[in-house]
file run09.cif (mmCIF, C-alpha atoms)
data_structure
loop_
_atom_site.group_PDB
_atom_site.id
_atom_site.type_symbol
_atom_site.label_atom_id
_atom_site.label_comp_id
_atom_site.auth_asym_id
_atom_site.auth_seq_id
_atom_site.Cartn_x
_atom_site.Cartn_y
_atom_site.Cartn_z
ATOM 1 C CA MET T 1 -54.425 -37.438 -27.027
ATOM 2 C CA ARG T 2 -53.965 -35.062 -24.099
ATOM 3 C CA ASN T 3 -51.367 -37.384 -22.540
ATOM 4 C CA ILE T 4 -49.396 -37.486 -25.784
ATOM 5 C CA VAL T 5 -49.310 -33.682 -26.004
ATOM 6 C CA LEU T 6 -48.195 -33.477 -22.370
ATOM 7 C CA PHE T 7 -45.501 -36.107 -22.957
ATOM 8 C CA VAL T 8 -44.176 -34.292 -26.051
ATOM 9 C CA PHE T 9 -44.087 -30.987 -24.124
ATOM 10 C CA ILE T 10 -42.206 -32.495 -21.172
ATOM 11 C CA PHE T 11 -39.808 -34.391 -23.466
ATOM 12 C CA THR T 12 -39.046 -31.212 -25.424
ATOM 13 C CA LEU T 13 -38.522 -29.261 -22.212
ATOM 14 C CA PHE T 14 -36.056 -31.752 -20.767
ATOM 15 C CA SER T 15 -34.251 -32.720 -23.973
ATOM 16 C CA GLY T 16 -32.885 -29.164 -24.223
ATOM 17 C CA CYS T 17 -31.516 -29.246 -20.688
ATOM 18 C CA ARG T 18 -27.870 -29.904 -19.952
ATOM 19 C CA PRO T 19 -26.970 -32.732 -17.619
ATOM 20 C CA LYS T 20 -26.264 -31.540 -14.100
ATOM 21 C CA VAL T 21 -22.598 -31.458 -13.105
ATOM 22 C CA GLN T 22 -21.788 -34.226 -10.631
ATOM 23 C CA GLU T 23 -18.972 -34.263 -8.094
ATOM 24 C CA ALA T 24 -17.344 -37.123 -10.019
ATOM 25 C CA ASP T 25 -17.070 -34.730 -13.014
ATOM 26 C CA LEU T 26 -14.936 -32.141 -11.191
ATOM 27 C CA PRO T 27 -11.544 -33.708 -12.111
ATOM 28 C CA LYS T 28 -12.464 -33.002 -15.762
ATOM 29 C CA LEU T 29 -11.741 -29.323 -15.013
ATOM 30 C CA ASN T 30 -8.016 -30.094 -14.962
ATOM 31 C CA GLY T 31 -6.232 -29.141 -18.150
ATOM 32 C CA TYR T 32 -6.226 -26.502 -20.860
ATOM 33 C CA TRP T 33 -9.468 -24.743 -21.876
ATOM 34 C CA GLU T 34 -9.997 -22.432 -24.849
ATOM 35 C CA ILE T 35 -12.813 -19.864 -24.838
ATOM 36 C CA GLN T 36 -15.255 -20.579 -27.642
ATOM 37 C CA LYS T 37 -18.232 -18.297 -27.055
ATOM 38 C CA VAL T 38 -19.710 -15.826 -24.580
ATOM 39 C CA GLU T 39 -23.492 -15.552 -24.290
ATOM 40 C CA MET T 40 -24.483 -12.190 -22.847
ATOM 41 C CA ASN T 41 -27.510 -11.901 -20.570
ATOM 42 C CA ASP T 42 -29.351 -9.932 -23.301
ATOM 43 C CA GLY T 43 -29.096 -12.905 -25.687
ATOM 44 C CA GLU T 44 -26.220 -11.527 -27.741
ATOM 45 C CA ASP T 45 -23.330 -13.912 -28.484
ATOM 46 C CA LYS T 46 -19.642 -13.257 -29.011
ATOM 47 C CA ASP T 47 -17.749 -16.008 -30.824
ATOM 48 C CA TYR T 48 -13.996 -16.484 -30.447
ATOM 49 C CA LYS T 49 -12.337 -17.922 -33.543
ATOM 50 C CA VAL T 50 -8.673 -17.425 -32.591
ATOM 51 C CA ASN T 51 -7.326 -17.140 -29.050
ATOM 52 C CA PRO T 52 -3.816 -15.993 -28.149
ATOM 53 C CA THR T 53 -4.263 -17.411 -24.630
ATOM 54 C CA VAL T 54 -5.952 -20.412 -23.044
ATOM 55 C CA ASP T 55 -6.860 -21.109 -19.419
ATOM 56 C CA TYR T 56 -4.946 -23.772 -17.556
ATOM 57 C CA ILE T 57 -6.790 -25.221 -14.548
ATOM 58 C CA GLN T 58 -5.168 -27.444 -11.942
ATOM 59 C CA LEU T 59 -7.171 -28.789 -9.014
ATOM 60 C CA LYS T 60 -6.441 -31.190 -6.179
ATOM 61 C CA GLY T 61 -9.802 -32.048 -4.766
ATOM 62 C CA LYS T 62 -11.734 -28.791 -4.600
ATOM 63 C CA ILE T 63 -8.751 -26.427 -4.331
ATOM 64 C CA GLY T 64 -6.400 -25.236 -7.051
ATOM 65 C CA PHE T 65 -5.684 -22.461 -9.520
ATOM 66 C CA ARG T 66 -6.396 -21.069 -12.974
ATOM 67 C CA GLN T 67 -3.752 -19.339 -15.059
ATOM 68 C CA LYS T 68 -3.601 -17.788 -18.548
ATOM 69 C CA VAL T 69 -1.035 -19.406 -20.826
ATOM 70 C CA MET T 70 0.059 -18.702 -24.400
ATOM 71 C CA PRO T 71 0.388 -21.801 -26.586
ATOM 72 C CA GLN T 72 3.534 -22.028 -28.702
ATOM 73 C CA LEU T 73 3.870 -23.801 -32.068
ATOM 74 C CA ASN T 74 6.217 -26.407 -30.545
ATOM 75 C CA GLY T 75 3.505 -27.504 -28.070
ATOM 76 C CA SER T 76 4.903 -25.657 -25.047
ATOM 77 C CA PHE T 77 3.271 -22.735 -23.215
ATOM 78 C CA GLN T 78 4.446 -19.331 -22.035
ATOM 79 C CA THR T 79 2.961 -17.702 -18.945
ATOM 80 C CA ASN T 80 3.365 -14.672 -16.731
ATOM 81 C CA ASN T 81 3.000 -16.924 -13.637
ATOM 82 C CA ILE T 82 -0.066 -15.017 -12.357
ATOM 83 C CA ARG T 83 -2.483 -17.525 -10.819
ATOM 84 C CA GLU T 84 -6.062 -17.152 -9.651
ATOM 85 C CA LYS T 85 -6.797 -19.313 -6.608
ATOM 86 C CA ILE T 86 -9.867 -21.530 -7.015
ATOM 87 C CA THR T 87 -12.013 -23.197 -4.380
ATOM 88 C CA ILE T 88 -15.093 -25.191 -5.335
ATOM 89 C CA THR T 89 -18.192 -24.910 -3.196
ATOM 90 C CA THR T 90 -21.781 -26.085 -3.519
ATOM 91 C CA GLU T 91 -24.711 -23.644 -3.557
ATOM 92 C CA ASP T 92 -28.339 -24.598 -4.187
ATOM 93 C CA GLY T 93 -27.235 -27.955 -5.602
ATOM 94 C CA HIS T 94 -24.742 -26.425 -8.068
ATOM 95 C CA PHE T 95 -20.956 -26.335 -7.976
ATOM 96 C CA CYS T 96 -19.387 -22.870 -7.878
ATOM 97 C CA LEU T 97 -15.850 -21.857 -8.775
ATOM 98 C CA ASN T 98 -14.731 -19.203 -6.308
ATOM 99 C CA TYR T 99 -11.747 -17.200 -7.557
ATOM 100 C CA ALA T 100 -9.397 -14.990 -5.553
ATOM 101 C CA THR T 101 -6.471 -12.787 -6.501
ATOM 102 C CA ALA T 102 -4.736 -9.890 -4.799
ATOM 103 C CA TYR T 103 -7.128 -7.642 -6.743
ATOM 104 C CA GLY T 104 -10.508 -9.209 -6.091
ATOM 105 C CA LYS T 105 -12.841 -12.158 -5.617
ATOM 106 C CA TRP T 106 -15.608 -13.483 -7.851
ATOM 107 C CA LYS T 107 -17.668 -16.593 -8.472
ATOM 108 C CA GLU T 108 -18.857 -18.616 -11.451
ATOM 109 C CA THR T 109 -21.418 -21.428 -11.410
ATOM 110 C CA LEU T 110 -20.630 -24.639 -13.279
ATOM 111 C CA VAL T 111 -23.381 -25.136 -15.857
ATOM 112 C CA GLN T 112 -21.899 -27.976 -17.916
ATOM 113 C CA LEU T 113 -18.748 -30.065 -17.674
ATOM 114 C CA THR T 114 -17.711 -32.934 -19.935
ATOM 115 C CA ASP T 115 -14.357 -34.187 -21.186
ATOM 116 C CA SER T 116 -14.444 -31.574 -23.972
ATOM 117 C CA VAL T 117 -16.919 -28.847 -22.885
ATOM 118 C CA LEU T 118 -16.905 -26.408 -19.958
ATOM 119 C CA VAL T 119 -19.699 -23.869 -19.442
ATOM 120 C CA VAL T 120 -19.792 -21.431 -16.514
ATOM 121 C CA LYS T 121 -22.123 -18.558 -15.639
ATOM 122 C CA ASN T 122 -21.148 -15.480 -13.639
ATOM 123 C CA ALA T 123 -23.190 -13.288 -11.275
ATOM 124 C CA ASP T 124 -24.315 -11.120 -14.218
ATOM 125 C CA ALA T 125 -25.819 -14.207 -15.942
ATOM 126 C CA ILE T 126 -23.129 -14.113 -18.637
ATOM 127 C CA GLU T 127 -22.311 -17.606 -19.835
ATOM 128 C CA TYR T 128 -18.813 -18.611 -20.955
ATOM 129 C CA ARG T 129 -18.410 -21.679 -23.185
ATOM 130 C CA TYR T 130 -14.983 -23.336 -23.413
ATOM 131 C CA LYS T 131 -13.664 -26.300 -25.369
ATOM 132 C CA LYS T 132 -10.739 -28.492 -24.365
ATOM 133 C CA PHE T 133 -7.589 -27.110 -25.958
ATOM 134 C CA ILE T 134 -5.432 -29.371 -28.108
ATOM 135 C CA PRO T 135 -1.776 -28.231 -28.305
ATOM 136 C CA PHE T 136 -0.528 -27.316 -31.767
ATOM 137 C CA SER T 137 1.958 -30.183 -31.795
ATOM 138 C CA LYS T 138 -0.943 -32.678 -31.520
ATOM 139 C CA LYS T 139 -3.220 -31.124 -34.167
#

call {"tool": "encode", "arguments": {"input": "run09.cif", "output": "structure tokens"}}
result
Amino acid sequence: MRNIVLFVFIFTLFSGCRPKVQEADLPKLNGYWEIQKVEMNDGEDKDYKVNPTVDYIQLKGKIGFRQKVMPQLNGSFQTNNIREKITITTEDGHFCLNYATAYGKWKETLVQLTDSVLVVKNADAIEYRYKKFIPFSKK
């Protein structure tokens, strides 16, 4: 009986965990990402129902950029051409997105990455959940 209780506890513990991001997953970052939810470090959530902008990420290997774009009804995008440089590094077995602009530098840790979900956590333990954006012309 004790073994069954231990097994159930361990199974429950690990079934709630997200799969670790692998290096082979990194190309999935390329594309358009729409913010879905922000989980604050105090447990409070902020949901985003409608977004006037989405993030466009383009990487070649572990170097690239992120830029805010505004989707248009015809499927195109408008932008102000401001880009944040990205380099991907590894720290403590996790991939980190290191951003740089003329105004500052910051880092986010990749928590989850699939074809349709992107989750990152910043230095303040605030978690940002994104979903892959589908242009209006394809909806």

call {"tool": "residues_near_point", "arguments": {"input": "run09.cif", "point": "(3.7, -26.4, -27.2)", "cutoff": "10 Å", "atoms": "only C-alpha atoms", "output": "PyMOL selection string"}}
result
chain T and resi 70-78+134-138

call {"tool": "resolve_selection", "arguments": {"input": "run09.cif", "expression": "the PyMOL selection byres ((chain T and resi 41) around 10)", "output": "number ranges by chain"}}
result
T: 38-40, 42-45, 121, 124-127

call {"tool": "closest_residue", "arguments": {"input": "run09.cif", "among": "T:Lys132, T:Lys20, T:Asn51, T:Lys46", "to": "Asp115 of chain T", "atoms": "only C-alpha atoms"}}
result
T:Lys132

call {"tool": "atom_distance", "arguments": {"input": "run09.cif", "atom1": "atom CA of Ile88 of chain T", "atom2": "atom CA of Ile35 of chain T"}}
result
20.3 Å

call {"tool": "atom_distance", "arguments": {"input": "run09.cif", "atom1": "atom CA of Ala100 of chain T", "atom2": "atom CA of Lys49 of chain T"}}
result
28.3 Å

call {"tool": "residues_around", "arguments": {"input": "run09.cif", "residues": "Tyr130 of chain T", "least_positions_apart": "6", "cutoff": "10 Å", "atoms": "only C-alpha atoms", "output": "number ranges by chain"}}
result
T: 32-38, 48, 54-55, 112-113, 116-120

call {"tool": "closest_residue", "arguments": {"input": "run09.cif", "among": "T:Asn81, T:Thr114, T:Asn122, T:Thr101", "to": "Pro27 of chain T", "atoms": "all atoms listed in the file"}}
result
T:Thr114

call {"tool": "residues_around", "arguments": {"input": "run09.cif", "residues": "segment 103-105 of chain T", "least_positions_apart": "2", "cutoff": "10 Å", "atoms": "all atoms listed in the file", "output": "list in words"}}
result
Glu84, Lys85, Ile86, Asn98, Tyr99, Ala100, Thr101 and Lys107 of chain T

call {"tool": "write_last_selection", "arguments": {"input": "run09.cif", "atoms": "C-alpha atoms", "output": "short mmCIF file (atom, residue, chain, number, x, y, z; two decimals), in the frame of the given file"}}
result
data_model
loop_
_atom_site.label_atom_id
_atom_site.label_comp_id
_atom_site.auth_asym_id
_atom_site.auth_seq_id
_atom_site.Cartn_x
_atom_site.Cartn_y
_atom_site.Cartn_z
CA GLU T 84 -6.06 -17.15 -9.65
CA LYS T 85 -6.80 -19.31 -6.61
CA ILE T 86 -9.87 -21.53 -7.02
CA ASN T 98 -14.73 -19.20 -6.31
CA TYR T 99 -11.75 -17.20 -7.56
CA ALA T 100 -9.40 -14.99 -5.55
CA THR T 101 -6.47 -12.79 -6.50
CA LYS T 107 -17.67 -16.59 -8.47
#

call {"tool": "atom_distance", "arguments": {"input": "run09.cif", "atom1": "atom CA of Gln22 of chain T", "atom2": "atom CA of His94 of chain T"}}
result
8.7 Å

call {"tool": "resolve_selection", "arguments": {"input": "run09.cif", "expression": "the PyMOL selection byres ((chain T and resi 65) around 9)", "output": "ChimeraX atom specification"}}
result
/T:56-59,63-64,66-67,83-87,99

call {"tool": "residues_around", "arguments": {"input": "run09.cif", "residues": "segment 90-93 of chain T", "least_positions_apart": "2", "cutoff": "10 Å", "atoms": "only C-alpha atoms", "output": "list in words"}}
result
Lys20, Val21, Gln22, Glu23, Ile88, Phe95, Cys96, Leu97, Thr109 and Leu110 of chain T

call {"tool": "closest_residue", "arguments": {"input": "run09.cif", "among": "T:Val69, T:Ala24, T:Ala102, T:Val111", "to": "Pro52 of chain T", "atoms": "all atoms listed in the file"}}
result
T:Val69

call {"tool": "axis_aligned_box", "arguments": {"input": "run09.cif", "around": "segment 59-77 of chain T", "padding_each_side": "5 Å", "output": "lines of an AutoDock Vina configuration file"}}
result
center_x = -2.8
center_y = -24.9
center_z = -18.2
size_x = 28.0
size_y = 24.3
size_z = 37.7

call {"tool": "decode", "arguments": {"input": "run09.cif", "residues": "segment 7-139 of chain T", "atoms": "C-alpha atoms", "output": "tab-separated table (two decimals), in the first residue's frame"}}
result
chain	number	residue	atom	x	y	z
T	7	PHE	CA	3.73	6.09	-6.86
T	8	VAL	CA	0.55	8.20	-6.95
T	9	PHE	CA	2.39	11.11	-5.27
T	10	ILE	CA	5.31	10.97	-7.71
T	11	PHE	CA	2.99	10.57	-10.72
T	12	THR	CA	0.92	13.58	-9.62
T	13	LEU	CA	4.07	15.64	-9.05
T	14	PHE	CA	5.49	14.92	-12.49
T	15	SER	CA	2.25	14.95	-14.49
T	16	GLY	CA	1.87	18.67	-13.72
T	17	CYS	CA	5.35	19.48	-14.97
T	18	ARG	CA	5.98	20.92	-18.40
T	19	PRO	CA	8.36	19.11	-20.72
T	20	LYS	CA	11.82	20.64	-20.72
T	21	VAL	CA	12.69	22.72	-23.78
T	22	GLN	CA	15.21	20.92	-25.99
T	23	GLU	CA	17.65	22.51	-28.41
T	24	ALA	CA	15.74	20.90	-31.30
T	25	ASP	CA	12.68	22.94	-30.20
T	26	LEU	CA	14.36	26.35	-30.62
T	27	PRO	CA	13.37	26.81	-34.31
T	28	LYS	CA	9.74	26.77	-33.11
T	29	LEU	CA	10.36	30.28	-31.74
T	30	ASN	CA	10.31	31.64	-35.30
T	31	GLY	CA	7.04	33.28	-36.24
T	32	TYR	CA	4.26	35.39	-34.78
T	33	TRP	CA	3.31	35.09	-31.09
T	34	GLU	CA	0.30	36.63	-29.36
T	35	ILE	CA	0.34	37.28	-25.60
T	36	GLN	CA	-2.36	35.25	-23.89
T	37	LYS	CA	-1.74	35.59	-20.16
T	38	VAL	CA	0.72	36.98	-17.62
T	39	GLU	CA	1.13	35.18	-14.29
T	40	MET	CA	2.52	37.54	-11.67
T	41	ASN	CA	4.89	36.24	-8.99
T	42	ASP	CA	2.17	36.80	-6.34
T	43	GLY	CA	-0.15	34.34	-8.13
T	44	GLU	CA	-2.33	36.97	-9.77
T	45	ASP	CA	-3.11	36.48	-13.48
T	46	LYS	CA	-3.77	39.00	-16.23
T	47	ASP	CA	-5.58	37.63	-19.28
T	48	TYR	CA	-5.31	39.26	-22.70
T	49	LYS	CA	-8.43	38.82	-24.83
T	50	VAL	CA	-7.61	41.25	-27.66
T	51	ASN	CA	-4.12	42.36	-28.69
T	52	PRO	CA	-3.37	45.25	-31.04
T	53	THR	CA	0.20	43.95	-31.48
T	54	VAL	CA	1.91	40.58	-31.70
T	55	ASP	CA	5.58	39.65	-31.36
T	56	TYR	CA	7.45	38.51	-34.44
T	57	ILE	CA	10.56	36.42	-33.71
T	58	GLN	CA	13.16	35.53	-36.31
T	59	LEU	CA	16.19	33.43	-35.39
T	60	LYS	CA	19.06	31.92	-37.34
T	61	GLY	CA	20.61	29.44	-34.99
T	62	LYS	CA	20.75	31.15	-31.61
T	63	ILE	CA	20.86	34.76	-32.85
T	64	GLY	CA	18.03	36.92	-34.15
T	65	PHE	CA	15.47	39.54	-33.22
T	66	ARG	CA	12.01	40.19	-31.82
T	67	GLN	CA	9.79	42.99	-33.09
T	68	LYS	CA	6.26	44.24	-32.33
T	69	VAL	CA	3.94	44.16	-35.33
T	70	MET	CA	0.31	45.20	-35.82
T	71	PRO	CA	-1.80	42.68	-37.74
T	72	GLN	CA	-4.01	44.10	-40.48
T	73	LEU	CA	-7.34	42.65	-41.67
T	74	ASN	CA	-5.83	41.78	-45.07
T	75	GLY	CA	-3.24	39.50	-43.42
T	76	SER	CA	-0.31	41.93	-43.64
T	77	PHE	CA	1.50	43.58	-40.72
T	78	GLN	CA	2.55	47.13	-39.89
T	79	THR	CA	5.64	47.82	-37.80
T	80	ASN	CA	7.76	50.68	-36.54
T	81	ASN	CA	10.92	48.71	-37.49
T	82	ILE	CA	12.26	48.72	-33.90
T	83	ARG	CA	13.94	45.37	-33.24
T	84	GLU	CA	15.21	43.80	-30.04
T	85	LYS	CA	18.34	41.71	-30.63
T	86	ILE	CA	18.09	38.17	-29.23
T	87	THR	CA	20.84	35.72	-28.36
T	88	ILE	CA	20.04	32.35	-26.83
T	89	THR	CA	22.27	31.00	-24.10
T	90	THR	CA	22.10	28.07	-21.70
T	91	GLU	CA	22.10	28.54	-17.92
T	92	ASP	CA	21.61	25.76	-15.37
T	93	GLY	CA	20.25	23.47	-18.09
T	94	HIS	CA	17.66	26.00	-19.33
T	95	PHE	CA	17.63	28.12	-22.47
T	96	CYS	CA	17.58	31.89	-21.93
T	97	LEU	CA	16.54	34.61	-24.35
T	98	ASN	CA	18.90	37.54	-23.89
T	99	TYR	CA	17.50	40.78	-25.31
T	100	ALA	CA	19.36	43.99	-26.12
T	101	THR	CA	18.26	47.38	-27.39
T	102	ALA	CA	19.83	50.82	-27.31
T	103	TYR	CA	17.91	51.35	-24.06
T	104	GLY	CA	18.71	48.24	-22.06
T	105	LYS	CA	19.34	44.52	-21.70
T	106	TRP	CA	17.24	41.82	-20.05
T	107	LYS	CA	16.77	38.07	-19.98
T	108	GLU	CA	13.88	35.61	-20.03
T	109	THR	CA	14.08	31.87	-19.39
T	110	LEU	CA	12.27	29.51	-21.76
T	111	VAL	CA	9.80	27.51	-19.67
T	112	GLN	CA	7.77	25.83	-22.42
T	113	LEU	CA	7.96	25.78	-26.20
T	114	THR	CA	5.74	23.83	-28.59
T	115	ASP	CA	4.41	24.53	-32.07
T	116	SER	CA	1.56	26.58	-30.55
T	117	VAL	CA	2.66	27.58	-27.01
T	118	LEU	CA	5.52	29.76	-25.75
T	119	VAL	CA	6.06	30.42	-22.04
T	120	VAL	CA	8.93	32.54	-20.69
T	121	LYS	CA	9.81	33.73	-17.19
T	122	ASN	CA	11.69	36.93	-16.38
T	123	ALA	CA	14.06	37.77	-13.51
T	124	ASP	CA	11.11	38.87	-11.35
T	125	ALA	CA	9.51	35.40	-11.73
T	126	ILE	CA	6.73	36.82	-13.90
T	127	GLU	CA	5.60	34.27	-16.46
T	128	TYR	CA	4.39	35.26	-19.93
T	129	ARG	CA	2.22	32.80	-21.89
T	130	TYR	CA	1.92	33.24	-25.67
T	131	LYS	CA	0.00	31.38	-28.35
T	132	LYS	CA	0.97	31.15	-32.01
T	133	PHE	CA	-0.77	33.94	-33.89
T	134	ILE	CA	-2.93	33.12	-36.90
T	135	PRO	CA	-3.28	36.04	-39.36
T	136	PHE	CA	-6.80	37.34	-39.87
T	137	SER	CA	-6.84	36.26	-43.50
T	138	LYS	CA	-6.40	32.61	-42.41
T	139	LYS	CA	-9.01	32.59	-39.62
